[in-house]
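*Asks:* Here you go, this is start.cif (mmCIF, C-alpha atoms and all ligand atoms).
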```cif
data_start
loop_
_atom_site.label_atom_id
_atom_site.label_comp_id
_atom_site.auth_asym_id
_atom_site.auth_seq_id
_atom_site.Cartn_x
_atom_site.Cartn_y
_atom_site.Cartn_z
CA MET A 1 17.63 -22.89 14.15
CA HIS A 2 17.21 -19.57 12.47
CA TRP A 3 20.61 -19.41 10.80
CA ILE A 4 20.09 -22.85 9.27
CA LYS A 5 16.98 -21.56 7.56
CA ARG A 6 18.86 -18.48 6.34
CA ALA A 7 21.76 -20.55 5.07
CA PHE A 8 19.28 -22.70 3.19
CA VAL A 9 17.68 -19.69 1.54
CA LEU A 10 21.10 -18.37 0.61
CA PHE A 11 22.01 -21.73 -0.84
CA LEU A 12 18.84 -21.73 -2.94
CA LEU A 13 19.60 -18.27 -4.24
CA LEU A 14 23.18 -19.14 -5.14
CA TRP A 15 22.15 -22.42 -6.67
CA SER A 16 19.52 -20.76 -8.82
CA GLY A 17 22.15 -18.18 -9.81
CA VAL A 18 24.47 -20.66 -11.50
CA SER A 19 21.72 -22.34 -13.50
CA LEU A 20 20.30 -19.11 -14.96
CA ALA A 21 21.68 -17.07 -17.81
CA GLN A 22 20.46 -13.49 -17.33
CA THR A 23 19.97 -11.07 -14.50
CA ILE A 24 17.55 -8.16 -14.23
CA ASP A 25 19.76 -5.48 -12.72
CA ALA A 26 17.22 -2.68 -12.49
CA MET A 27 13.65 -1.89 -13.43
CA ARG A 28 11.64 1.30 -13.53
CA LEU A 29 8.26 2.75 -14.43
CA SER A 30 7.76 6.20 -15.89
CA GLU A 31 4.92 8.22 -17.34
CA THR A 32 5.16 8.97 -21.06
CA PRO A 33 4.20 12.34 -22.62
CA SER A 34 1.05 10.68 -23.98
CA SER A 35 -0.06 9.80 -20.43
CA GLY A 36 0.91 6.21 -20.96
CA VAL A 37 3.32 4.24 -18.83
CA ARG A 38 6.70 2.81 -19.83
CA PHE A 39 8.32 -0.10 -18.06
CA VAL A 40 12.04 -0.71 -18.54
CA ALA A 41 14.16 -3.59 -17.27
CA ASP A 42 17.96 -3.48 -17.53
CA LEU A 43 19.42 -6.88 -18.33
CA ASP A 44 22.99 -8.09 -18.40
CA ASP A 45 22.23 -10.19 -21.48
CA LYS A 46 19.60 -10.83 -24.12
CA ALA A 47 16.48 -12.47 -22.70
CA ASP A 48 13.37 -14.14 -24.01
CA VAL A 49 10.35 -12.39 -22.60
CA LYS A 50 6.79 -13.62 -22.80
CA VAL A 51 4.15 -10.92 -22.27
CA PHE A 52 0.51 -11.79 -21.65
CA ARG A 53 -2.60 -10.50 -19.93
CA LEU A 54 -4.71 -12.08 -17.23
CA GLU A 55 -8.16 -10.90 -16.24
CA ASN A 56 -10.10 -10.63 -12.97
CA PRO A 57 -8.37 -8.58 -11.86
CA SER A 58 -6.83 -7.28 -15.06
CA ARG A 59 -3.04 -7.56 -15.05
CA LEU A 60 -0.11 -7.76 -17.39
CA VAL A 61 2.49 -10.46 -16.88
CA MET A 62 6.07 -10.44 -18.15
CA ASP A 63 7.93 -13.74 -17.88
CA PHE A 64 11.70 -13.49 -18.42
CA SER A 65 12.93 -16.99 -19.17
CA ARG A 66 16.24 -18.23 -17.68
CA THR A 67 16.45 -14.98 -15.72
CA ARG A 68 16.77 -14.01 -12.11
CA PHE A 69 16.43 -10.77 -10.18
CA GLY A 70 19.66 -9.01 -9.24
CA GLN A 71 20.49 -8.45 -5.61
CA LYS A 72 20.35 -4.66 -5.72
CA ILE A 73 17.03 -4.41 -7.48
CA ALA A 74 14.76 -1.73 -5.98
CA PRO A 75 10.97 -2.01 -5.88
CA LEU A 76 8.90 -0.04 -8.40
CA SER A 77 6.83 2.98 -7.36
CA PRO A 78 3.20 3.54 -8.37
CA THR A 79 3.25 5.49 -11.64
CA GLY A 80 0.39 6.87 -13.72
CA PHE A 81 -2.40 4.33 -13.94
CA ILE A 82 -0.18 1.48 -12.72
CA LYS A 83 -0.88 1.26 -9.01
CA GLY A 84 0.23 -2.24 -8.20
CA PHE A 85 3.01 -4.61 -9.25
CA ARG A 86 4.63 -7.73 -7.98
CA THR A 87 7.68 -9.77 -8.77
CA GLY A 88 8.08 -13.46 -8.38
CA GLN A 89 9.48 -16.71 -9.70
CA PRO A 90 6.70 -19.01 -10.92
CA ASN A 91 9.39 -21.64 -11.42
CA ALA A 92 13.14 -21.86 -10.89
CA GLN A 93 13.86 -20.66 -14.45
CA THR A 94 11.57 -17.66 -14.74
CA ALA A 95 11.58 -14.14 -13.34
CA ARG A 96 8.04 -12.76 -13.41
CA ILE A 97 6.89 -9.15 -13.16
CA VAL A 98 3.18 -8.42 -12.84
CA LEU A 99 1.61 -4.98 -13.36
CA ASP A 100 -1.95 -4.33 -12.20
CA LEU A 101 -3.97 -2.70 -14.96
CA PRO A 102 -6.81 -0.18 -14.64
CA ALA A 103 -10.30 -0.92 -15.93
CA PHE A 104 -10.07 1.08 -19.17
CA GLU A 105 -8.86 -0.19 -22.54
CA LEU A 106 -5.13 -0.27 -23.16
CA THR A 107 -2.69 -1.02 -25.92
CA GLU A 108 0.67 -2.60 -25.29
CA LYS A 109 3.89 -2.94 -27.25
CA HIS A 110 7.30 -4.14 -26.20
CA PHE A 111 10.77 -4.50 -27.64
CA LEU A 112 14.33 -5.32 -26.69
CA LEU A 113 17.10 -2.76 -27.13
CA SER A 114 20.60 -4.05 -27.77
CA PRO A 115 23.44 -2.54 -25.72
CA GLN A 116 24.69 0.87 -26.73
CA THR A 117 27.70 2.63 -25.30
CA GLY A 118 27.62 2.32 -21.57
CA LYS A 119 24.24 0.68 -21.50
CA ASN A 120 23.01 -2.84 -20.97
CA TRP A 121 20.35 -4.75 -22.78
CA ARG A 122 17.01 -3.15 -22.11
CA PHE A 123 13.55 -4.60 -22.29
CA VAL A 124 11.00 -1.83 -22.89
CA LEU A 125 7.25 -2.12 -22.61
CA ASP A 126 4.82 0.72 -23.36
CA ILE A 127 1.23 0.74 -22.20
CA ASP A 128 -1.12 3.37 -23.57
CA LYS A 129 -4.76 4.26 -23.20
CA VAL A 130 -6.80 3.52 -26.32
CA LYS A 131 -7.66 6.82 -27.98
CA LYS A 132 -11.33 6.44 -28.90
CA ASN A 133 -12.11 9.14 -31.44
CA LYS A 134 -9.43 11.54 -32.54
CA THR A 135 -11.80 14.19 -33.87
CA SER A 136 -13.96 14.28 -30.79
CA PRO A 137 -13.22 17.15 -28.41
CA LYS A 138 -14.01 14.71 -25.60
CA GLU A 139 -10.95 12.70 -26.54
CA THR A 140 -9.35 13.04 -23.15
CA ALA A 141 -12.34 11.54 -21.34
CA ILE A 142 -11.38 8.18 -19.90
CA PRO A 143 -13.84 5.43 -20.77
CA SER A 144 -13.84 3.88 -17.34
CA LYS A 145 -16.33 1.94 -15.32
CA LYS A 146 -14.27 2.59 -12.23
CA SER A 147 -13.19 5.85 -10.65
CA ILE A 148 -10.83 8.23 -12.42
CA PRO A 149 -7.46 6.67 -11.67
CA THR A 150 -5.66 9.96 -11.13
CA LYS A 151 -7.81 10.62 -8.05
CA LYS A 152 -5.97 9.31 -5.03
CA ILE A 153 -8.02 6.92 -2.98
CA ILE A 154 -8.05 7.15 0.81
CA VAL A 155 -9.69 4.47 2.90
CA LEU A 156 -10.79 5.63 6.35
CA ASP A 157 -11.42 2.91 8.88
CA PRO A 158 -13.54 3.86 11.88
CA GLY A 159 -12.37 1.49 14.63
CA HIS A 160 -14.69 -1.05 16.25
CA GLY A 161 -18.49 -1.08 15.67
CA GLY A 162 -21.53 -3.26 16.32
CA GLN A 163 -21.06 -5.57 19.26
CA ASP A 164 -17.53 -4.22 19.73
CA PRO A 165 -17.85 -0.76 21.36
CA GLY A 166 -14.08 -0.26 21.72
CA ALA A 167 -13.10 1.78 24.77
CA ILE A 168 -15.81 3.37 26.91
CA SER A 169 -15.06 6.93 27.88
CA ILE A 170 -15.05 8.37 31.38
CA SER A 171 -18.41 10.00 30.57
CA GLY A 172 -19.83 6.72 29.20
CA LYS A 173 -19.39 7.38 25.47
CA TYR A 174 -18.33 4.59 23.10
CA GLU A 175 -15.16 4.68 21.05
CA LYS A 176 -17.02 3.09 18.09
CA ASP A 177 -19.38 6.11 17.87
CA LEU A 178 -16.58 8.65 18.14
CA THR A 179 -14.47 6.96 15.45
CA LEU A 180 -17.45 6.79 13.07
CA LYS A 181 -18.20 10.51 13.51
CA MET A 182 -14.55 11.38 13.00
CA ALA A 183 -14.31 9.25 9.85
CA LYS A 184 -17.46 10.70 8.28
CA GLU A 185 -16.34 14.27 9.00
CA THR A 186 -12.81 13.67 7.73
CA LYS A 187 -14.26 12.11 4.57
CA VAL A 188 -15.95 15.44 3.74
CA LEU A 189 -12.72 17.36 4.34
CA LEU A 190 -10.68 15.03 2.12
CA GLU A 191 -13.29 15.04 -0.65
CA LYS A 192 -13.14 18.83 -0.74
CA GLN A 193 -9.43 18.42 -1.59
CA GLY A 194 -10.29 16.13 -4.51
CA TYR A 195 -9.61 12.74 -2.97
CA LYS A 196 -11.81 9.73 -3.35
CA VAL A 197 -12.70 8.49 0.13
CA VAL A 198 -14.04 5.08 1.05
CA LEU A 199 -15.13 4.15 4.58
CA THR A 200 -14.73 0.57 5.80
CA ARG A 201 -18.05 1.11 7.63
CA ASP A 202 -20.52 3.99 7.53
CA LYS A 203 -22.88 2.60 10.15
CA ASP A 204 -22.69 0.89 13.48
CA PHE A 205 -21.72 -2.65 12.51
CA TYR A 206 -18.87 -4.99 13.23
CA ILE A 207 -16.14 -5.77 10.68
CA PRO A 208 -13.37 -8.24 11.43
CA LEU A 209 -9.87 -6.77 11.15
CA ARG A 210 -9.02 -8.78 8.04
CA GLY A 211 -12.26 -7.56 6.49
CA ARG A 212 -11.04 -3.99 6.90
CA ILE A 213 -7.81 -4.78 5.04
CA LYS A 214 -9.82 -6.52 2.35
CA LYS A 215 -12.00 -3.44 1.86
CA ALA A 216 -8.90 -1.30 1.48
CA HIS A 217 -7.64 -3.62 -1.26
CA GLU A 218 -10.98 -3.76 -3.03
CA ALA A 219 -11.07 0.04 -3.02
CA ASN A 220 -7.56 0.05 -4.53
CA ALA A 221 -6.46 2.36 -1.70
CA ASP A 222 -3.42 4.61 -1.94
CA LEU A 223 -3.54 5.21 1.80
CA PHE A 224 -5.32 3.53 4.71
CA ILE A 225 -6.08 5.40 7.94
CA SER A 226 -7.58 3.53 10.86
CA ILE A 227 -9.20 5.81 13.48
CA HIS A 228 -9.27 4.99 17.18
CA ALA A 229 -9.20 6.61 20.62
CA ASP A 230 -7.02 5.42 23.45
CA SER A 231 -7.82 4.47 27.01
CA ALA A 232 -5.66 3.87 30.07
CA LYS A 233 -6.08 3.05 33.73
CA ASN A 234 -4.20 6.23 34.59
CA LYS A 235 -6.71 9.07 34.12
CA THR A 236 -3.94 11.60 33.52
CA ALA A 237 -2.65 9.77 30.45
CA GLN A 238 -3.18 12.09 27.50
CA GLY A 239 -2.22 13.02 23.98
CA LEU A 240 -2.63 11.95 20.38
CA SER A 241 -0.45 9.28 18.77
CA ILE A 242 -0.12 7.58 15.40
CA TYR A 243 1.05 4.04 14.79
CA THR A 244 2.77 2.26 11.95
CA ILE A 245 4.10 -1.27 11.73
CA SER A 246 7.67 -1.48 12.89
CA GLU A 247 10.41 -3.21 10.97
CA THR A 248 11.26 -5.59 13.80
CA ALA A 249 7.68 -6.42 14.68
CA SER A 250 6.79 -6.83 11.07
CA ASP A 251 9.62 -9.24 10.28
CA LYS A 252 8.54 -11.61 13.01
CA GLU A 253 4.91 -11.20 12.13
CA ALA A 254 5.46 -11.58 8.42
CA ALA A 255 6.94 -14.99 9.12
CA ALA A 256 4.10 -16.02 11.41
CA LEU A 257 1.55 -14.59 8.98
CA ALA A 258 3.03 -16.54 6.10
CA GLU A 259 2.60 -19.78 8.03
CA ARG A 260 -0.92 -19.14 9.20
CA GLU A 261 -2.57 -17.62 6.20
CA ASN A 262 -3.19 -18.61 2.67
CA LYS A 263 -0.30 -17.01 0.86
CA ALA A 264 -2.27 -16.24 -2.27
CA ASP A 265 -4.33 -13.97 -0.08
CA ILE A 266 -1.39 -11.92 1.11
CA LEU A 267 -0.09 -10.61 -2.18
CA PHE A 268 -3.55 -10.10 -3.62
CA GLY A 269 -4.04 -11.62 -7.00
CA MET A 270 -0.71 -13.38 -7.13
CA ASP A 271 -0.81 -17.08 -6.63
CA LEU A 272 2.07 -18.07 -4.39
CA THR A 273 0.89 -21.57 -3.73
CA ASP A 274 3.33 -23.08 -6.24
CA TYR A 275 6.29 -21.21 -4.84
CA GLN A 276 8.89 -22.59 -2.53
CA PRO A 277 8.06 -21.19 0.91
CA GLU A 278 11.33 -19.24 1.05
CA VAL A 279 10.54 -17.38 -2.15
CA GLY A 280 7.07 -16.56 -0.86
CA ASN A 281 8.49 -14.95 2.25
CA ILE A 282 11.00 -12.91 0.29
CA LEU A 283 8.24 -11.52 -1.91
CA ILE A 284 6.11 -10.56 1.05
CA ASP A 285 9.05 -8.76 2.67
CA PHE A 286 9.76 -6.98 -0.60
CA ALA A 287 6.26 -5.53 -0.93
CA LYS A 288 6.06 -4.81 2.79
CA LYS A 289 9.23 -2.75 2.90
CA TYR A 290 7.82 -0.21 0.45
CA ALA A 291 4.48 0.10 2.25
CA MET A 292 6.25 0.40 5.60
CA ASP A 293 8.48 3.23 4.43
CA GLN A 294 5.52 5.08 2.95
CA SER A 295 3.45 4.58 6.11
CA SER A 296 6.21 6.15 8.17
CA ILE A 297 6.48 9.12 5.82
CA TYR A 298 2.75 9.79 6.13
CA ALA A 299 2.78 9.30 9.94
CA ASP A 300 5.56 11.87 10.27
CA PHE A 301 3.55 14.38 8.24
CA VAL A 302 0.58 13.75 10.57
CA VAL A 303 2.77 14.46 13.60
CA ASP A 304 4.04 17.68 11.97
CA GLU A 305 0.51 18.93 11.32
CA MET A 306 -1.07 17.72 14.56
CA LYS A 307 1.56 19.29 16.80
CA LYS A 308 0.48 22.72 15.56
CA GLU A 309 -3.08 22.02 16.71
CA VAL A 310 -3.38 19.60 19.59
CA ASN A 311 -1.65 17.88 22.48
CA LEU A 312 0.55 14.97 21.41
CA ARG A 313 2.00 12.08 23.34
CA GLU A 314 5.73 12.04 23.78
CA LYS A 315 7.17 10.32 20.67
CA ALA A 316 3.81 10.59 18.93
CA HIS A 317 4.82 8.32 16.05
CA ARG A 318 4.84 4.82 17.49
CA PHE A 319 5.23 1.29 16.24
CA ALA A 320 3.12 -1.78 16.91
CA GLY A 321 1.77 -4.89 15.28
CA PHE A 322 -1.86 -3.92 14.70
CA VAL A 323 -3.59 -6.36 12.38
CA VAL A 324 -5.21 -3.56 10.35
CA LEU A 325 -1.74 -2.23 9.50
CA LYS A 326 -0.63 -5.45 7.88
CA SER A 327 -1.46 -4.74 4.24
CA PRO A 328 1.77 -5.62 2.48
CA ASN A 329 1.25 -3.06 -0.27
CA ILE A 330 -0.93 -0.22 1.07
CA PRO A 331 0.67 2.43 3.27
CA SER A 332 -1.31 2.19 6.51
CA VAL A 333 -1.46 4.15 9.76
CA LEU A 334 -3.54 3.93 12.90
CA LEU A 335 -4.53 7.16 14.66
CA GLU A 336 -5.27 7.28 18.37
CA MET A 337 -7.07 10.62 18.66
CA GLY A 338 -6.51 10.96 22.40
CA TYR A 339 -7.53 9.35 25.70
CA LEU A 340 -11.19 8.61 26.39
CA SER A 341 -10.13 7.83 29.95
CA ASN A 342 -8.94 11.41 30.43
CA PRO A 343 -11.92 13.68 31.37
CA LYS A 344 -10.49 16.70 29.55
CA GLU A 345 -9.66 14.86 26.33
CA ASP A 346 -12.93 12.92 26.38
CA LYS A 347 -14.82 16.22 26.45
CA LEU A 348 -12.67 17.65 23.64
CA MET A 349 -13.07 14.64 21.36
CA GLN A 350 -16.85 14.71 21.71
CA ARG A 351 -16.79 18.23 20.22
CA ALA A 352 -17.21 18.64 16.46
CA ASP A 353 -14.91 21.67 16.29
CA TYR A 354 -12.10 19.73 17.96
CA ARG A 355 -12.56 16.79 15.58
CA LYS A 356 -12.48 19.22 12.68
CA LYS A 357 -9.05 20.39 13.83
CA LEU A 358 -7.85 16.80 13.80
CA GLY A 359 -9.49 16.13 10.44
CA MET A 360 -7.88 19.22 8.91
CA ALA A 361 -4.46 18.16 10.17
CA LEU A 362 -4.95 14.65 8.72
CA THR A 363 -5.97 16.21 5.40
CA LYS A 364 -2.98 18.55 5.28
CA ALA A 365 -0.74 15.59 6.00
CA VAL A 366 -2.37 13.68 3.11
CA ASN A 367 -1.65 16.63 0.80
CA ALA A 368 1.96 16.80 1.97
CA TYR A 369 2.38 13.05 1.56
CA PHE A 370 1.14 12.88 -2.05
CA LYS A 371 3.09 15.99 -2.92
CA LYS A 372 6.24 14.31 -1.68
CA LEU A 373 5.35 11.14 -3.59
CA ALA A 374 5.01 13.14 -6.81
CA ASP A 375 8.38 14.90 -6.40
ZN ZN B 1 -9.74 1.31 19.29
#
```
As structure tokens, please, write out the structure in this file.
*Replies:*
Amino acid sequence: MHWIKRAFVLFLLLWSGVSLAQTIDAMRLSETPSSGVRFVADLDDKADVKVFRLENPSRLVMDFSRTRFGQKIAPLSPTGFIKGFRTGQPNAQTARIVLDLPAFELTEKHFLLSPQTGKNWRFVLDIDKVKKNKTSPKETAIPSKKSIPTKKIIVLDPGHGGQDPGAISISGKYEKDLTLKMAKETKVLLEKQGYKVVLTRDKDFYIPLRGRIKKAHEANADLFISIHADSAKNKTAQGLSIYTISETASDKEAAALAERENKADILFGMDLTDYQPEVGNILIDFAKKYAMDQSSIYADFVVDEMKKEVNLREKAHRFAGFVVLKSPNIPSVLLEMGYLSNPKEDKLMQRADYRKKLGMALTKAVNAYFKKLAD
């Protein structure tokens, strides 16, 4: 059954290929010297491009008419104040690229460059911050209602809460209380390093798993860390582990997810309801791949830092299909601090100095991760 579906998708792609004139072969985002952002698309031929803005949330849309995306096209990376982007085909004739815009005022200009030696057609779009008052020494201040966009945003998610206690430790302590303490303490450590930190809950109440993802999106998170503690029947089970979504699990789940959920919800802000279902799935996979790779990079940094400090499980970076890790475009990890069912680890995790060690290691891993991202 599966190959029939695949063959059908392939057919659609080939069919759309013959009816369209241009191909976008590559696209990239870069920061300009004036702290603006430049978007460039390489095209194999001249294209008509319609550029317009949509509000709530604010985004810029580029519609390339009679154009399709090339096969080898790589996803964009977050650059400057552009944190989110999507690609899609609102109809069979149009290739659409959407950039999420920050809250402050922007100017935009775009032009098409004809081919020069060795180069293709290029569509170039520049977005710049509006300079308010040139003579004012405060010129660099960003007139923003939201947070300063250069501050990376970390969302910490203390597991469980309210009527859901999570695991109960061998000494009778609740996982939900431990995770909340850990999140609040780690928030302080991260803030000292200049990050903006948002907690999915700061008190003892219940949040559904999808609600946690939603909060991460509303906060415009650069990284999502869910905090838990493990439990097992075997009292000797021990060690810290960190989970990310696996490629295999995620492929299956992405398909199931796409059937169950409202697709517009999945790629936040982008309405997929008019799309053929095949195209919708391709777009979800596309965004997911990037977030999955980034999640793994961060998880590996966590393992590197944690192994200097505390006892880890064998193969501490693990893969599973946790619902809270299913954001298609926010790198997400789930930390299991240790085993509440193990008397020794239970005692350790209830200690503030031990949690500080864990929090410091998480923070160092965050630093390493964003440093790598900037390289
Ligand atoms: Zn848990």
*Asks:* From the set A:Ile153, A:Lys347, A:His228, A:Ser65, which residue has the shortest atom-to-atom contact distance to Gly194 (chain A), counting all atoms listed in the file?
*Replies:* A:Ile153
*Asks:* Which residues are near ligand ZN 1 (chain B) - at most 6 Å, using all atoms listed in the file? Format: as a PyMOL selection string.
*Replies:* chain A and resi 159+166+228-229
*Asks:* Starting from the point (-24.1, -2.8, 14.8), work out which residues of protein, DNA or RNA have an atom no more than 7 Å away when counting only C-alpha atoms; state them as a list in words.
*Replies:*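 The residues near that point, listed by chain and number, are Gly161, Gly162, Gln163, Asp204, Phe205 and Tyr206 of chain A.
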*Asks:* What does the distance between CA of Val155 (chain A) and CA of Asp222 (chain A) come to in Å, to one decimal place?
*Replies:* 7.9 Å
*Asks:* Calculate how many Å separate CA of Arg318 (chain A) from CA of Ser241 (chain A), rounding to one decimal.
*Replies:*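 Atom-to-atom, CA of Arg318 (chain A) and CA of Ser241 (chain A) are spaced 7.0 Å apart.
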*Asks:* For Glu108 (chain A), which residue among A:Gln193, A:Pro75, A:Asp44, A:Gly36 is the nearest when counting all atoms listed in the file?
*Replies:*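 The closest residue to Glu108 (chain A) is A:Gly36.
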*Asks:* Produce a table with one row for each residue of region 39-59 of chain A that has an atom at most 10 Å from any atom of region 89-99 of chain A, each row naming the nearest atom pair and its distance in Å at one decimal; use only C-alpha atoms; arrange rows by chain and rising residue number; format as a Markdown table.
*Replies:*
```
| residue | atom | partner | partner_atom | distance |
| --- | --- | --- | --- | --- |
| A:Phe39 | CA | A:Leu99 | CA | 9.5 |
| A:Val49 | CA | A:Arg96 | CA | 9.5 |
| A:Lys50 | CA | A:Arg96 | CA | 9.5 |
| A:Val51 | CA | A:Ile97 | CA | 9.7 |
| A:Phe52 | CA | A:Val98 | CA | 9.8 |
| A:Arg53 | CA | A:Val98 | CA | 9.4 |
| A:Leu54 | CA | A:Val98 | CA | 9.7 |
| A:Ser58 | CA | A:Leu99 | CA | 8.9 |
| A:Arg59 | CA | A:Leu99 | CA | 5.6 |
```
*Asks:* Measuring atom to atom with all atoms listed in the file, identify which of A:Ser77, A:Thr244, A:Thr363, A:Thr23 is nearest to Lys187 (chain A).
*Replies:* A:Thr363
*Asks:* Give the answer as one residue: which of A:Lys131, A:His317, A:Lys371, A:His160 has the shortest atom-to-atom distance to Phe104 (chain A), using all atoms listed in the file?
*Replies:*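 That would be A:Lys131, the residue with the smallest distance to Phe104 (chain A).
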*Asks:* Got a sec to check which residues sit within 12 Å of (-18.0, -2.4, 8.3), counting only C-alpha atoms, and write them as a PyMOL selection string?
*Replies:* chain A and resi 156-164+176+180+198-216
*Asks:* Output, as lines of an AutoDock Vina configuration file, the centre and edge lengths in Å (one decimal) of the axis-aligned box that contains all listed atoms of region 99-103 of chain A with 4 Å of margin on each side.
*Replies:*
```
center_x = -4.3
center_y = -2.6
center_z = -14.1
size_x = 19.9
size_y = 12.8
size_z = 11.7
```
*Asks:* How many Å separate CA of Phe224 (chain A) from CA of Arg86 (chain A)?
*Replies:*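 Spanning CA of Phe224 (chain A) to CA of Arg86 (chain A) is a straight-line distance of 19.7 Å.
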*Asks:* With distances taken over all atoms listed in the file, which residue among A:Glu55, A:Glu336, A:Asp230, A:Asp63 lies nearest Val302 (chain A)?
*Replies:*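 Selected residue with least distance to Val302 (chain A): A:Glu336.
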*Asks:* Considering only C-alpha atoms, can you say which of A:Val303, A:Gly88, A:Phe370, A:Thr107 comes closest to Lys315 (chain A)?
*Replies:*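 Once distances to Lys315 (chain A) are computed over only C-alpha atoms, the minimum belongs to A:Val303.
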